[in-house]
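Visitor: Pasting in a structure now, in structure tokens, and then I'll have a few things to ask.
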Amino acid sequence: MSGENEQDEPNGSGYRRGLDGPAPEERPTPDGRRNEQGIRIDPEVEAKQAPRRTVISTLVEHEPGVLSDVSGLFSRRQFNIESLTVGPTTDDDRARITLVVEEPDPGIDQIKKQLRKLIPVISVRELESDAMRRELALVKIDADRPAEVAAVTDMYDGKTVDSCPETATIEITGSRQKIDAAIETFEQFGIREIDRTGTTALARGTQSTAAPASTTESTAEAASHPQNQYAPADDD
Amino acid sequence: MSERATSIPPEEQHDDQDAESHADGDDTTAGAPSADAPVTGDGTQPEPVTTGAESVVRALENAGVEHAFGVQGGAIMPVYDALYDSEITHVTMAHEQGASHAADAYGIVSGEPGVCLATSGPGATNLVTGIADADMDSDPMLALTGQVPTDFVGNDAFQETDTTGVMTPVTKDNTFAADPDRVGTDVSEAFALAREGRPGPTLVDLPKDVTNAETDREPDEPATPDTYEVTEEADPTIVASAAERIGNATRPIMLLGGGVIKGEASEACRKFAIKHEIPVVTTMPGIGSFPEDHELSMEMAGMHGTGYANMAITHCDTMIAVGTRFDDRLTGGIETFAPDAEIIHIDIDPAEISKNIHADYPLVGDADTVVSQLARAVETSPQATKWRAQCQQWKSDYSMAYDVPEDEPIQPEFVVEALDEATSDRAVVTTGVGQHQMWACQYWTYTEPRTWVSSHGLGTMGYGLPAAIGARLAADDDQEVVCIDGDGSFLMTLQGLSVAVRENLDITVAVLNNEYIGMVRQWQDAFFEGRHSASDYGWMPEFDKLAEAFGANGFRIDEYDEVADTIEAALAEDGPSVIDVHIDPQANVYPMVPSGGDNGQFALAEDQL
């Protein structure tokens with residue numbers, strides 16, 4: 001590399017700063033490409049993966065700062081989060097955080113791995129599409145037509161939790177889709193305020209929602225690209 | 001003894017007496033201290049702790065900490081008071097940022113977490129840059145910050161900052177120490193976490209009332225919390241299929257990242273590459289993992305990597321990537337990164353697998369362990385004679401040889417090579433960030449791990465001098481410590497010279513002075529029509545005189561024929577020396593892959609950008 005013997009380049013002003021070698025256009029170029037997710041594109045399987053919505057349940061140490069650890073992770077890595085709920089569990093030292101996220105498969109994989117890296121996180125599990133999912137909403141509406149309000153409330157198995165001559169507040173519980181539909185229907189009366197809890201969820205049957213997925217399992221996932229497609233089934 | 005025993009809870013008395021009897025007479029077992037009764041270097045048992053602060057310092061001593069870097073201040077005073085009686089050598093820095101970089105460099109060179117301390121508020125926020133730097137580069141570091149007393153937290157008290165809140169995005173983990181009985185163990189745990197698995201910075205925030213509080217609880221031995229799991233060995237099935245792929249490769253390369261050095265896998269990687277005759281490319285943090293004077297070395301790849309490394313990466317069919325996170329400065333545009341290659345990715349952090357580049361063979365585990373697993377599994381070497389010849393051809397086609405026109409100012413490459421020539425193979429190089437850093441990568445021939453100390457991921461100008469201070473204390477006496485700096489970088493943290501002089505640290509700083517923020521000036525010339533907005537200093541202080549004002553040795557180089565002698569004279573000084581080297585202000589770094597560009601299309605000069 002030493003350049004001591006290479007003083008044959010003359011002059012001041014005409015000195016071309018740089019290195020010698022074949023120019024870019026003279027170089028061979030490979031045929032392959034990768035897509036923006038870093039996957040080599042096989043012309044037959046070429047496809048950008050579409051985002052899917054899924055529920056991730058995490059068990060965490062019940063300590064200060066853990067919620068900001070989790071929410072901070074989502075904001076700084078630009079993961080798309082739809083809802084986040086947090087609450088106590090049967091163990092006083094642990095809390096459960098339930099997240100609804102929407103990302104393509106590699107993004108969901110990253111979310112799970114990054115969550116597992118947080119020290120206060122005990123376990124992370126993506127719930128199957130048949131998991132039980134529930135959300136609660138309070139909808140405060142104008143009560144000009146009380147009979148009609150009562151009828152719609154009945155239709156959605158809702159409950160009137162407060163009423164006065166001007167307003168009625170209805171509680172609706174169910175899947176996200178059911179609540180969306182109820183709110184749409186209530187719109188005809190004039191909605192004043194809404195509060196929704198976000199999705200809570202548990203795995204079905206005897207399976208434990210908290211079962212920690214081991215690191216090897218996550219590696220296998222990365223290797224095999226599971227297509228466990230989420231079917232947005234209505235739980236009701 | 002009776003006085004001490006009264007302060008120890010009854011259930012712990014037994015162990016204490018047990019250890020006491022070892023220390024007293026039974027020489028055959030005295031070498032095995034129990035966890036409850038640590039023994040100091042001279043074999044005597046240390047005084048039991050009486051305060052939270054003493055428990056913090058005891059935790060550091062138990063972890064084997066020998067040096068710490070920091071700056072005093074109100075909320076951290078109890079810890080410093082406890083440190084006063086400790087055998088830990090504390091280096092008082094001129095600025096907390098310097099403390100964090102010194103601790104970071106100490107961690108890189110020694111492999112053990114570097115420790116830095118600062119007070120609350122501005123002390124803690126001044127650490128942020130160095131902690132973020134350590135986080136990006138996965139360097140082991142433990143930061144201890146003072147905090148206002150617990151009752152004042154949340155009241156916007158004097159010098160209060162939500163330190164754990166500020167640090168969360170830039171630490172591996174952090175803890176607000178709320179309990180005097182637990183504070184020592186918090187520190188032990190943070191130390192272990194900084195070191196284990198993928199290393200990184202951890203922080204313990206220490207409220208003044210907690211460190212001042214009375215406690216007799218000795219800290220637990222350093223151990224990671226139960227929720228922290230590290231996979232050491234990779235899945236044998238994937239190892240077997242990866243080994244088969246390597247056997248069938250015709251254009252293999254190894255890509256060695258910083259994880260190779262941190263995971264002490266350099267030896268295993270060298271053996272593997274040499275046995276199977278696989279060309280080796282490194283990332284910037286991976287510099288030193290493979291000897292650059294070896295025939296198989298293609299040196300560094302990426303934005304300013306060698307042309308031959310980038311050709312090898314672009315055309316390989318199998319890449320064995322160890323301990324790298326496929327940073328964008330390495331990959332360039334994702335679409336054109338090693339587009340023909342099946343990728344075997346070894347990393348201890350599962351989250352790095354397929355984060356940026358899809359791994360065809362994901363191998364999660366400790367680098368040394370997994371490379372050894374792979375070594376046992378590979379039965380046949382790749383048939384790659386033609387490929388190796390091609391790589392050698394590229395090495396000659398895209399040689400890094402540069403011109404030294406006599407009527408131009410000094411070319412920086414010449415200075416880097418002269419420094420390399422004048423020092424031993426084990427010399428430690430630190431740098432700031434910018435053009436000088438790239439020349440230091442390209443023109444110094446690294447042959448040993450832990451001799452390259454730089455700010456890779458965060459790209460922190462000003463890193464070089466404080467890093468040299470940390471590196472000096474971690475390196476062996478026979479290792480020279482050279483800081484190759486830029487004028488802009490040096491100006492950012494040169495108050496550290498006061499520390500180097502006070503502690504009489506033998507370091508040599510070579511400032512490649514072009515009176516520009518040179519890398520920005522280079523980009524402005526290439527991409528902003530030569531509009532030198534805020535990059536042209538036009539004037540710089542005389543760094544040799546500035547050094548002398550600090551009490552360091554000052555030198556200046558303007559001509560080629562001064563280079564060798566001046567470097568020799570500066571290295572010969574025992575204390576800190578600064579050489580102000582006036583280089584060609586128009587010198588540029590090549591090869592260059594523009595941001596997001598195709599690695600194979602690197603430019604060799606500005607007209608190719």
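Following the order of the structure tokens, chains are lettered A, B, ..., residues in each are numbered from 1, and ligands are numbered from 1.
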Would you list the contacts of stretch 244-254 of chain B as a PyMOL selection string, taking every protein, DNA or RNA residue within 6 Å and counting only C-alpha atoms, but skipping same-chain residues closer than 3 positions in sequence?

Guide: chain B and resi 241+278-280+316-321+380-384+387

Visitor: Residues of chain B within 6 Å of chain A, counting only C-alpha atoms, what are they? List them as an mmCIF file with N, CA and C atoms, in the first residue's frame.

Guide:
data_model
loop_
_atom_site.group_PDB
_atom_site.id
_atom_site.type_symbol
_atom_site.label_atom_id
_atom_site.label_comp_id
_atom_site.auth_asym_id
_atom_site.auth_seq_id
_atom_site.Cartn_x
_atom_site.Cartn_y
_atom_site.Cartn_z
ATOM 1 N N THR B 227 -34.881 -13.503 34.157
ATOM 2 C CA THR B 227 -35.596 -13.298 32.899
ATOM 3 C C THR B 227 -34.638 -13.152 31.714
ATOM 4 N N ILE B 334 -30.051 -2.412 0.278
ATOM 5 C CA ILE B 334 -30.364 -3.801 0.614
ATOM 6 C C ILE B 334 -30.529 -4.645 -0.654
ATOM 7 N N GLU B 335 -31.141 -4.062 -1.694
ATOM 8 C CA GLU B 335 -31.471 -4.838 -2.907
ATOM 9 C C GLU B 335 -30.222 -5.417 -3.566
ATOM 10 N N THR B 336 -29.106 -4.678 -3.427
ATOM 11 C CA THR B 336 -27.900 -5.112 -4.136
ATOM 12 C C THR B 336 -26.858 -5.704 -3.195
ATOM 13 N N PRO B 339 -26.297 -10.162 -3.511
ATOM 14 C CA PRO B 339 -27.594 -10.628 -4.022
ATOM 15 C C PRO B 339 -27.605 -12.091 -4.459
ATOM 16 N N ASP B 340 -26.432 -12.677 -4.647
ATOM 17 C CA ASP B 340 -26.405 -14.092 -5.042
ATOM 18 C C ASP B 340 -26.132 -15.012 -3.847
ATOM 19 N N ALA B 351 -32.668 -11.261 17.805
ATOM 20 C CA ALA B 351 -33.336 -10.149 17.130
ATOM 21 C C ALA B 351 -32.526 -9.633 15.946
ATOM 22 N N ASN B 356 -32.232 -7.007 9.131
ATOM 23 C CA ASN B 356 -31.964 -6.210 7.930
ATOM 24 C C ASN B 356 -31.786 -7.071 6.686
ATOM 25 N N ILE B 357 -31.086 -8.192 6.849
ATOM 26 C CA ILE B 357 -30.832 -9.096 5.731
ATOM 27 C C ILE B 357 -31.350 -10.478 6.126
ATOM 28 N N HIS B 358 -32.123 -11.082 5.261
ATOM 29 C CA HIS B 358 -32.709 -12.375 5.582
ATOM 30 C C HIS B 358 -31.622 -13.449 5.744
ATOM 31 N N ASP B 397 -6.459 -5.200 -8.843
ATOM 32 C CA ASP B 397 -7.211 -4.229 -9.661
ATOM 33 C C ASP B 397 -7.591 -2.987 -8.868
ATOM 34 N N TYR B 398 -8.000 -3.212 -7.624
ATOM 35 C CA TYR B 398 -8.525 -2.088 -6.819
ATOM 36 C C TYR B 398 -7.590 -1.787 -5.656
ATOM 37 N N MET B 400 -5.189 -0.190 -2.956
ATOM 38 C CA MET B 400 -5.371 1.046 -2.183
ATOM 39 C C MET B 400 -4.180 1.997 -2.322
ATOM 40 N N ALA B 401 -3.268 1.691 -3.244
ATOM 41 C CA ALA B 401 -2.093 2.557 -3.436
ATOM 42 C C ALA B 401 -2.525 3.973 -3.803
ATOM 43 N N TYR B 402 -1.867 4.957 -3.205
ATOM 44 C CA TYR B 402 -2.242 6.354 -3.421
ATOM 45 C C TYR B 402 -1.013 7.128 -3.898
ATOM 46 N N ASP B 403 -1.246 8.274 -4.444
ATOM 47 C CA ASP B 403 -0.147 9.107 -4.927
ATOM 48 C C ASP B 403 0.328 10.061 -3.836
ATOM 49 N N VAL B 404 1.625 10.401 -3.939
ATOM 50 C CA VAL B 404 2.172 11.384 -2.995
ATOM 51 C C VAL B 404 2.824 12.508 -3.802
ATOM 52 N N PRO B 405 2.018 13.359 -4.413
ATOM 53 C CA PRO B 405 2.608 14.437 -5.220
ATOM 54 C C PRO B 405 3.362 15.415 -4.324
ATOM 55 N N GLN B 601 -20.613 -0.945 -6.987
ATOM 56 C CA GLN B 601 -20.465 0.230 -7.843
ATOM 57 C C GLN B 601 -19.745 1.372 -7.114
ATOM 58 N N LEU B 604 -14.193 5.384 -7.219
ATOM 59 C CA LEU B 604 -12.764 5.488 -6.903
ATOM 60 C C LEU B 604 -12.301 6.941 -6.917
ATOM 61 N N ALA B 605 -13.146 7.811 -7.408
ATOM 62 C CA ALA B 605 -12.838 9.239 -7.441
ATOM 63 C C ALA B 605 -14.157 9.983 -7.593
#

Visitor: Quick one, how far is atom CA of B:Val433 from atom CA of B:Ser489?

Guide: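 Calculated distance between atom CA of B:Val433 and atom CA of B:Ser489 is 6.6 Å.
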
Visitor: By how many Å are atom CA of B:Tyr590 and atom CA of B:Glu417 apart?

Guide: 16.0 Å

Visitor: Can you list, as a VMD selection string, all residues belonging to stretch 105-346 of chain B that DSSP tags as strand (DSSP E or B)?

Guide: chain B and resid 114 to 118 141 to 147 173 to 176 201 to 207 214 252 to 256 280 to 282 297 to 300 318 to 322 342 to 346

Visitor: Which distance in Å separates atom CA of B:Ala63 and atom CA of B:Asn126, to one decimal?

Guide: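 Atom CA of B:Ala63 sits 25.4 Å away from atom CA of B:Asn126.
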
Visitor: Quick one: residues within 8 Å of B:Asp349, only C-alpha atoms, excluding same-chain residues fewer than 4 positions away - as JSON, numbers by chain?

Guide: {"B": [197, 198, 353, 364, 365]}

Visitor: How would the residues just chosen look if you wrote them out with N, CA and C atoms as a compact mmCIF listing (two decimals), in the first residue's frame?

Guide:
# COMPACT_ATOMS: atom_id res chain seq x y z
N GLY B 197 -24.01 -12.30 27.33
CA GLY B 197 -24.77 -12.32 26.09
C GLY B 197 -24.23 -11.28 25.13
N ARG B 198 -25.14 -10.56 24.47
CA ARG B 198 -24.69 -9.44 23.65
C ARG B 198 -24.40 -8.29 24.61
N ILE B 353 -31.16 -11.63 13.76
CA ILE B 353 -31.37 -12.57 12.66
C ILE B 353 -32.52 -12.06 11.79
N VAL B 364 -28.30 -18.96 16.09
CA VAL B 364 -28.26 -18.12 17.29
C VAL B 364 -27.37 -18.78 18.33
N GLY B 365 -26.38 -18.04 18.77
CA GLY B 365 -25.50 -18.58 19.81
C GLY B 365 -24.25 -17.75 19.95

Visitor: Would you kindly return, as a list in words, each protein, DNA or RNA residue with an atom no farther than 6 Å from any atom of stretch 97-101 of chain A, considering only C-alpha atoms and excluding same-chain residues fewer than 3 positions away?

Guide: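 So, after excluding close chain neighbours, the residues are Arg53, Thr54, Val55, Ile56, Ser57, Thr58, Asn80, Ile81, Glu82, Ser83, Leu84, Thr85 and Val86 of chain A.
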
Visitor: Return the single residue from A:Ser71, A:His62, A:Pro104, A:Val139 that is closest to A:Thr90, with distances computed using only C-alpha atoms.

Guide: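 Of all the options, A:His62 lies closest to A:Thr90.
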
Visitor: Would you mind telling me which residue in B:Gln495, B:Glu562, B:Glu112, B:Arg217 lies nearest to B:Gln97 when using only C-alpha atoms?

Guide: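 Ranked by minimum distance to B:Gln97, first place goes to B:Gln495.
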